[in-house]
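Here's the structure, in structure tokens; my notes come after.
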Amino acid sequence: MKKHISFLILFFSSFYFSQNKTENYVGVGFQKGTNESWKIELSKNSDHTFSVNYPDLECSGVWKIAKNLKDIYPVEEGVNSLIAEEILETGLDKCMNNGWVLLVDEKLSKTTKRFYVFETEHHSKPYAFGFLEEIF
């Protein structure tokens, strides 16, 4: 009986912690058409937004997930992606505000994501892109 109870406690605690796992990423972004690059830090929040920080640029804000824009930026079938509006809170004089971000899981690595930044949700060519690696 003790083994069953221990197993149940272990099972439910691992389920609870896997559901509440924080996701934190670090990476680098690149401005298309230039040699500019910058660091990026991203954390998934409990309200299904992401906190974003660009320490090199002194800009930060949130990526607010847009639920109804999934078809605007087609992604290879079977690859997880999301679209978010970037709303900056600091560094408005240094960074472009209200851009749209396509965040894509990398197929070859479960801990790596790619991102593309567009001026508006209707632009088809990104003005910036980058890579993020999950940190534990």
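Quick note on naming: the chains in the structure tokens go A, B, ... in the order shown, residues restart at 1 in each chain, and ligands are numbered from 1 in order of appearance.
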
Practice problem: Name the residues in contact with Met96 in chain A at a cut-off of 10 Å, using only C-alpha atoms, excluding same-chain residues fewer than 4 positions from it; report them as a PyMOL selection string. | Solution: chain A and resi 59+86-88+91-92+119

May I have the residues within 12 Å of Asp93 in chain A as a PDB file with N, CA, C and O atoms, in the first residue's frame, using only C-alpha atoms and disregarding those fewer than 4 positions away in the same chain?
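Ended up saving to out-v2.pdb:
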ATOM      1  N   LEU A  57      20.286  46.729 -26.091  1.00  0.00           N
ATOM      2  CA  LEU A  57      19.555  47.866 -26.641  1.00  0.00           C
ATOM      3  C   LEU A  57      18.832  48.686 -25.572  1.00  0.00           C
ATOM      4  O   LEU A  57      18.266  49.729 -25.870  1.00  0.00           O
ATOM      5  N   GLU A  58      18.819  48.159 -24.348  1.00  0.00           N
ATOM      6  CA  GLU A  58      18.126  48.791 -23.216  1.00  0.00           C
ATOM      7  C   GLU A  58      16.630  48.943 -23.500  1.00  0.00           C
ATOM      8  O   GLU A  58      16.031  49.983 -23.231  1.00  0.00           O
ATOM      9  N   CYS A  59      16.027  47.878 -24.068  1.00  0.00           N
ATOM     10  CA  CYS A  59      14.593  47.842 -24.354  1.00  0.00           C
ATOM     11  C   CYS A  59      14.008  46.592 -23.690  1.00  0.00           C
ATOM     12  O   CYS A  59      14.675  45.568 -23.605  1.00  0.00           O
ATOM     13  N   SER A  60      12.768  46.700 -23.249  1.00  0.00           N
ATOM     14  CA  SER A  60      12.089  45.537 -22.694  1.00  0.00           C
ATOM     15  C   SER A  60      10.588  45.718 -22.834  1.00  0.00           C
ATOM     16  O   SER A  60      10.094  46.819 -23.053  1.00  0.00           O
ATOM     17  N   LEU A  88       6.481  47.184 -26.202  1.00  0.00           N
ATOM     18  CA  LEU A  88       7.624  47.619 -25.402  1.00  0.00           C
ATOM     19  C   LEU A  88       7.176  48.518 -24.257  1.00  0.00           C
ATOM     20  O   LEU A  88       6.235  49.300 -24.399  1.00  0.00           O
ATOM     21  N   GLU A  89       7.900  48.396 -23.150  1.00  0.00           N
ATOM     22  CA  GLU A  89       7.626  49.214 -21.962  1.00  0.00           C
ATOM     23  C   GLU A  89       8.784  50.154 -21.660  1.00  0.00           C
ATOM     24  O   GLU A  89       8.591  51.193 -21.054  1.00  0.00           O
ATOM     25  N   ASN A  97       8.523  49.620 -31.702  1.00  0.00           N
ATOM     26  CA  ASN A  97       7.422  49.123 -30.867  1.00  0.00           C
ATOM     27  C   ASN A  97       6.310  48.560 -31.748  1.00  0.00           C
ATOM     28  O   ASN A  97       6.152  48.938 -32.900  1.00  0.00           O
TER      29      ASN A  97
END

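Between Gly99 in chain A and the candidates A:Glu121, A:Glu134, A:Asp47, A:Glu41, the tightest atom-to-atom separation, counting only C-alpha atoms, involves A:Glu121.
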
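The residues of range 76-110 of chain A that DSSP assigns to strand (DSSP E) on this backbone come out as Ser81, Leu82, Ile83, Ala84, Glu85, Glu86, Ile87, Leu88, Glu89, Thr90, Trp100, Val101, Leu102, Leu103, Val104 and Asp105 of chain A.
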
Let's have the selection written as a short mmCIF file (atom, residue, chain, number, x, y, z; two decimals), in the first residue's frame, with all heavy atoms.
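Contents of again.cif, freshly written:
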data_model
loop_
_atom_site.label_atom_id
_atom_site.label_comp_id
_atom_site.auth_asym_id
_atom_site.auth_seq_id
_atom_site.Cartn_x
_atom_site.Cartn_y
_atom_site.Cartn_z
N SER A 81 4.33 26.72 -33.45
CA SER A 81 4.66 28.13 -33.60
C SER A 81 3.59 28.96 -32.91
O SER A 81 2.51 28.47 -32.60
CB SER A 81 4.75 28.52 -35.07
OG SER A 81 3.49 28.42 -35.68
N LEU A 82 3.91 30.21 -32.70
CA LEU A 82 2.93 31.17 -32.19
C LEU A 82 3.27 32.54 -32.72
O LEU A 82 4.39 32.80 -33.15
CB LEU A 82 2.85 31.16 -30.67
CG LEU A 82 4.08 31.56 -29.85
CD1 LEU A 82 4.16 33.06 -29.67
CD2 LEU A 82 4.01 30.89 -28.51
N ILE A 83 2.26 33.39 -32.72
CA ILE A 83 2.43 34.77 -33.18
C ILE A 83 2.10 35.69 -32.02
O ILE A 83 1.11 35.46 -31.30
CB ILE A 83 1.50 35.05 -34.38
CG1 ILE A 83 1.91 34.15 -35.55
CG2 ILE A 83 1.58 36.51 -34.78
CD1 ILE A 83 0.94 34.16 -36.69
N ALA A 84 2.91 36.70 -31.83
CA ALA A 84 2.71 37.62 -30.72
C ALA A 84 2.97 39.06 -31.16
O ALA A 84 3.80 39.31 -32.04
CB ALA A 84 3.64 37.26 -29.56
N GLU A 85 2.26 39.96 -30.53
CA GLU A 85 2.54 41.38 -30.72
C GLU A 85 3.54 41.80 -29.67
O GLU A 85 3.40 41.48 -28.49
CB GLU A 85 1.27 42.21 -30.60
CG GLU A 85 1.51 43.69 -30.83
CD GLU A 85 0.26 44.54 -30.73
OE1 GLU A 85 -0.77 44.05 -30.24
OE2 GLU A 85 0.33 45.70 -31.14
N GLU A 86 4.56 42.53 -30.09
CA GLU A 86 5.56 43.02 -29.15
C GLU A 86 5.14 44.40 -28.66
O GLU A 86 4.96 45.32 -29.45
CB GLU A 86 6.93 43.09 -29.79
CG GLU A 86 8.01 43.57 -28.83
CD GLU A 86 9.38 43.47 -29.44
OE1 GLU A 86 9.65 44.18 -30.43
OE2 GLU A 86 10.18 42.68 -28.93
N ILE A 87 4.97 44.52 -27.35
CA ILE A 87 4.58 45.79 -26.74
C ILE A 87 5.71 46.20 -25.79
O ILE A 87 5.89 45.60 -24.73
CB ILE A 87 3.24 45.66 -25.99
CG1 ILE A 87 2.16 45.16 -26.95
CG2 ILE A 87 2.86 46.98 -25.34
CD1 ILE A 87 0.90 44.68 -26.29
N LEU A 88 6.48 47.18 -26.20
CA LEU A 88 7.62 47.62 -25.40
C LEU A 88 7.18 48.52 -24.26
O LEU A 88 6.23 49.30 -24.40
CB LEU A 88 8.64 48.34 -26.27
CG LEU A 88 9.32 47.48 -27.33
CD1 LEU A 88 10.28 48.33 -28.15
CD2 LEU A 88 10.06 46.31 -26.70
N GLU A 89 7.90 48.40 -23.15
CA GLU A 89 7.63 49.21 -21.96
C GLU A 89 8.78 50.15 -21.66
O GLU A 89 8.59 51.19 -21.05
CB GLU A 89 7.34 48.30 -20.77
CG GLU A 89 6.09 47.45 -21.00
CD GLU A 89 5.98 46.27 -20.05
OE1 GLU A 89 6.97 45.93 -19.35
OE2 GLU A 89 4.89 45.67 -20.00
N THR A 90 9.98 49.77 -22.08
CA THR A 90 11.16 50.63 -21.91
C THR A 90 11.92 50.68 -23.23
O THR A 90 11.82 49.77 -24.05
CB THR A 90 12.10 50.12 -20.80
OG1 THR A 90 12.64 48.86 -21.19
CG2 THR A 90 11.38 50.00 -19.46
N TRP A 100 5.44 42.49 -34.81
CA TRP A 100 4.80 41.18 -34.69
C TRP A 100 5.88 40.11 -34.77
O TRP A 100 6.76 40.18 -35.63
CB TRP A 100 3.75 41.00 -35.78
CG TRP A 100 2.57 41.86 -35.48
CD1 TRP A 100 2.43 43.18 -35.81
CD2 TRP A 100 1.42 41.51 -34.75
NE1 TRP A 100 1.23 43.66 -35.33
CE2 TRP A 100 0.59 42.64 -34.68
CE3 TRP A 100 0.97 40.34 -34.15
CZ2 TRP A 100 -0.64 42.65 -34.04
CZ3 TRP A 100 -0.26 40.33 -33.52
CH2 TRP A 100 -1.05 41.47 -33.47
N VAL A 101 5.81 39.14 -33.88
CA VAL A 101 6.85 38.14 -33.75
C VAL A 101 6.27 36.76 -34.06
O VAL A 101 5.22 36.38 -33.53
CB VAL A 101 7.43 38.13 -32.32
CG1 VAL A 101 8.51 37.08 -32.18
CG2 VAL A 101 7.94 39.50 -31.93
N LEU A 102 6.96 36.03 -34.90
CA LEU A 102 6.65 34.63 -35.16
C LEU A 102 7.70 33.82 -34.42
O LEU A 102 8.90 33.95 -34.69
CB LEU A 102 6.70 34.33 -36.66
CG LEU A 102 6.58 32.86 -37.07
CD1 LEU A 102 5.23 32.28 -36.65
CD2 LEU A 102 6.79 32.72 -38.57
N LEU A 103 7.28 33.02 -33.44
CA LEU A 103 8.17 32.20 -32.64
C LEU A 103 7.95 30.74 -33.05
O LEU A 103 6.81 30.25 -33.01
CB LEU A 103 7.87 32.39 -31.15
CG LEU A 103 8.78 31.71 -30.15
CD1 LEU A 103 10.21 32.24 -30.28
CD2 LEU A 103 8.27 31.94 -28.73
N VAL A 104 9.02 30.07 -33.47
CA VAL A 104 8.92 28.74 -34.07
C VAL A 104 9.84 27.76 -33.34
O VAL A 104 11.00 28.07 -33.10
CB VAL A 104 9.33 28.79 -35.56
CG1 VAL A 104 9.21 27.42 -36.21
CG2 VAL A 104 8.51 29.82 -36.31
N ASP A 105 9.30 26.58 -32.99
CA ASP A 105 10.14 25.53 -32.42
C ASP A 105 11.10 25.02 -33.49
O ASP A 105 10.71 24.82 -34.65
CB ASP A 105 9.30 24.35 -31.93
CG ASP A 105 8.56 24.65 -30.64
OD1 ASP A 105 8.78 25.72 -30.05
OD2 ASP A 105 7.77 23.79 -30.22
#

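One finds CA of Ser43 in chain A at 7.5 Å from CA of Thr22 in chain A.
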
Self-check item: Shell of 8 Å around Glu133 in chain A, only C-alpha atoms, local chain residues under 5 positions omitted, as a PyMOL selection string
Solution: chain A and resi 25-27+111-113

Can I get the selected residues back with all heavy atoms, as an mmCIF file, in the first residue's frame?
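This is the output file part_6.cif:
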data_model
loop_
_atom_site.group_PDB
_atom_site.id
_atom_site.type_symbol
_atom_site.label_atom_id
_atom_site.label_comp_id
_atom_site.auth_asym_id
_atom_site.auth_seq_id
_atom_site.Cartn_x
_atom_site.Cartn_y
_atom_site.Cartn_z
ATOM 1 N N TYR A 25 14.591 31.702 -21.877
ATOM 2 C CA TYR A 25 15.443 31.559 -23.050
ATOM 3 C C TYR A 25 16.424 32.729 -23.128
ATOM 4 O O TYR A 25 16.119 33.835 -22.697
ATOM 5 C CB TYR A 25 14.606 31.567 -24.335
ATOM 6 C CG TYR A 25 13.591 30.455 -24.405
ATOM 7 C CD1 TYR A 25 12.321 30.608 -23.851
ATOM 8 C CD2 TYR A 25 13.904 29.247 -25.022
ATOM 9 C CE1 TYR A 25 11.395 29.583 -23.906
ATOM 10 C CE2 TYR A 25 12.974 28.213 -25.080
ATOM 11 C CZ TYR A 25 11.722 28.390 -24.525
ATOM 12 O OH TYR A 25 10.804 27.379 -24.584
ATOM 13 N N VAL A 26 17.573 32.462 -23.695
ATOM 14 C CA VAL A 26 18.530 33.509 -24.050
ATOM 15 C C VAL A 26 18.941 33.272 -25.492
ATOM 16 O O VAL A 26 18.894 32.140 -25.988
ATOM 17 C CB VAL A 26 19.776 33.531 -23.127
ATOM 18 C CG1 VAL A 26 19.389 33.893 -21.709
ATOM 19 C CG2 VAL A 26 20.509 32.212 -23.170
ATOM 20 N N GLY A 27 19.336 34.334 -26.158
ATOM 21 C CA GLY A 27 19.738 34.160 -27.540
ATOM 22 C C GLY A 27 20.262 35.432 -28.149
ATOM 23 O O GLY A 27 20.659 36.369 -27.456
ATOM 24 N N THR A 111 15.091 22.345 -27.348
ATOM 25 C CA THR A 111 15.358 23.497 -26.481
ATOM 26 C C THR A 111 15.657 24.776 -27.261
ATOM 27 O O THR A 111 15.955 25.796 -26.664
ATOM 28 C CB THR A 111 16.538 23.194 -25.534
ATOM 29 O OG1 THR A 111 17.699 22.917 -26.324
ATOM 30 C CG2 THR A 111 16.225 22.021 -24.619
ATOM 31 N N THR A 112 15.570 24.720 -28.577
ATOM 32 C CA THR A 112 15.894 25.875 -29.408
ATOM 33 C C THR A 112 14.659 26.375 -30.153
ATOM 34 O O THR A 112 13.844 25.588 -30.601
ATOM 35 C CB THR A 112 16.986 25.505 -30.438
ATOM 36 O OG1 THR A 112 18.121 24.992 -29.746
ATOM 37 C CG2 THR A 112 17.407 26.710 -31.264
ATOM 38 N N LYS A 113 14.531 27.694 -30.238
ATOM 39 C CA LYS A 113 13.452 28.321 -30.995
ATOM 40 C C LYS A 113 14.054 29.348 -31.949
ATOM 41 O O LYS A 113 15.117 29.904 -31.688
ATOM 42 C CB LYS A 113 12.462 29.017 -30.062
ATOM 43 C CG LYS A 113 11.701 28.043 -29.168
ATOM 44 C CD LYS A 113 10.620 28.754 -28.396
ATOM 45 C CE LYS A 113 9.869 27.832 -27.481
ATOM 46 N NZ LYS A 113 9.061 26.820 -28.135
#

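Using only C-alpha atoms, the contacts of Tyr116 in chain A at a cut-off of 8 Å, with sequence neighbours closer than 2 positions omitted, comprise Val101, Leu102, Leu103, Arg114, Phe118, Pro126, Tyr127, Ala128, Phe129 and Gly130 of chain A.
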
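For the atom pair formed by CA of Leu132 in chain A and CA of Phe30 in chain A, the distance is 11.9 Å, given to one decimal.
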
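One distance worth recording is that between CA of Glu36 in chain A and CA of Val52 in chain A, which is 18.5 Å.
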
Quiz item: Leaving out Asp56 in chain A and any residue of its chain fewer than 5 positions from it, which residues lie within 10 Å of it when counting only C-alpha atoms, given as a ChimeraX atom specification?
Solution: /A:37-40

Atoms to include: all heavy atoms. Write the selected residues as a short mmCIF file (atom, residue, chain, number, x, y, z; two decimals), in the first residue's frame.
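After the write, selection-v6.cif holds the following:
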data_model
loop_
_atom_site.label_atom_id
_atom_site.label_comp_id
_atom_site.auth_asym_id
_atom_site.auth_seq_id
_atom_site.Cartn_x
_atom_site.Cartn_y
_atom_site.Cartn_z
N SER A 37 23.62 43.00 -34.36
CA SER A 37 23.05 41.89 -33.60
C SER A 37 22.87 42.36 -32.16
O SER A 37 23.45 43.36 -31.73
CB SER A 37 23.94 40.66 -33.67
OG SER A 37 25.18 40.89 -33.03
N TRP A 38 22.05 41.65 -31.41
CA TRP A 38 21.78 42.01 -30.03
C TRP A 38 21.39 40.78 -29.24
O TRP A 38 20.91 39.79 -29.80
CB TRP A 38 20.69 43.08 -29.95
CG TRP A 38 19.37 42.60 -30.48
CD1 TRP A 38 18.38 41.98 -29.78
CD2 TRP A 38 18.92 42.65 -31.83
NE1 TRP A 38 17.34 41.66 -30.62
CE2 TRP A 38 17.65 42.06 -31.89
CE3 TRP A 38 19.47 43.15 -33.02
CZ2 TRP A 38 16.92 41.95 -33.06
CZ3 TRP A 38 18.74 43.03 -34.18
CH2 TRP A 38 17.48 42.44 -34.19
N LYS A 39 21.61 40.86 -27.93
CA LYS A 39 21.19 39.79 -27.03
C LYS A 39 19.70 39.91 -26.77
O LYS A 39 19.14 41.00 -26.78
CB LYS A 39 21.95 39.88 -25.71
CG LYS A 39 23.41 39.59 -25.81
CD LYS A 39 24.07 39.73 -24.46
CE LYS A 39 25.58 39.58 -24.59
NZ LYS A 39 26.25 39.86 -23.31
N ILE A 40 19.08 38.76 -26.49
CA ILE A 40 17.66 38.73 -26.14
C ILE A 40 17.45 37.74 -25.01
O ILE A 40 18.10 36.68 -24.97
CB ILE A 40 16.78 38.39 -27.37
CG1 ILE A 40 15.31 38.37 -27.00
CG2 ILE A 40 17.22 37.11 -28.02
CD1 ILE A 40 14.36 38.21 -28.19
#
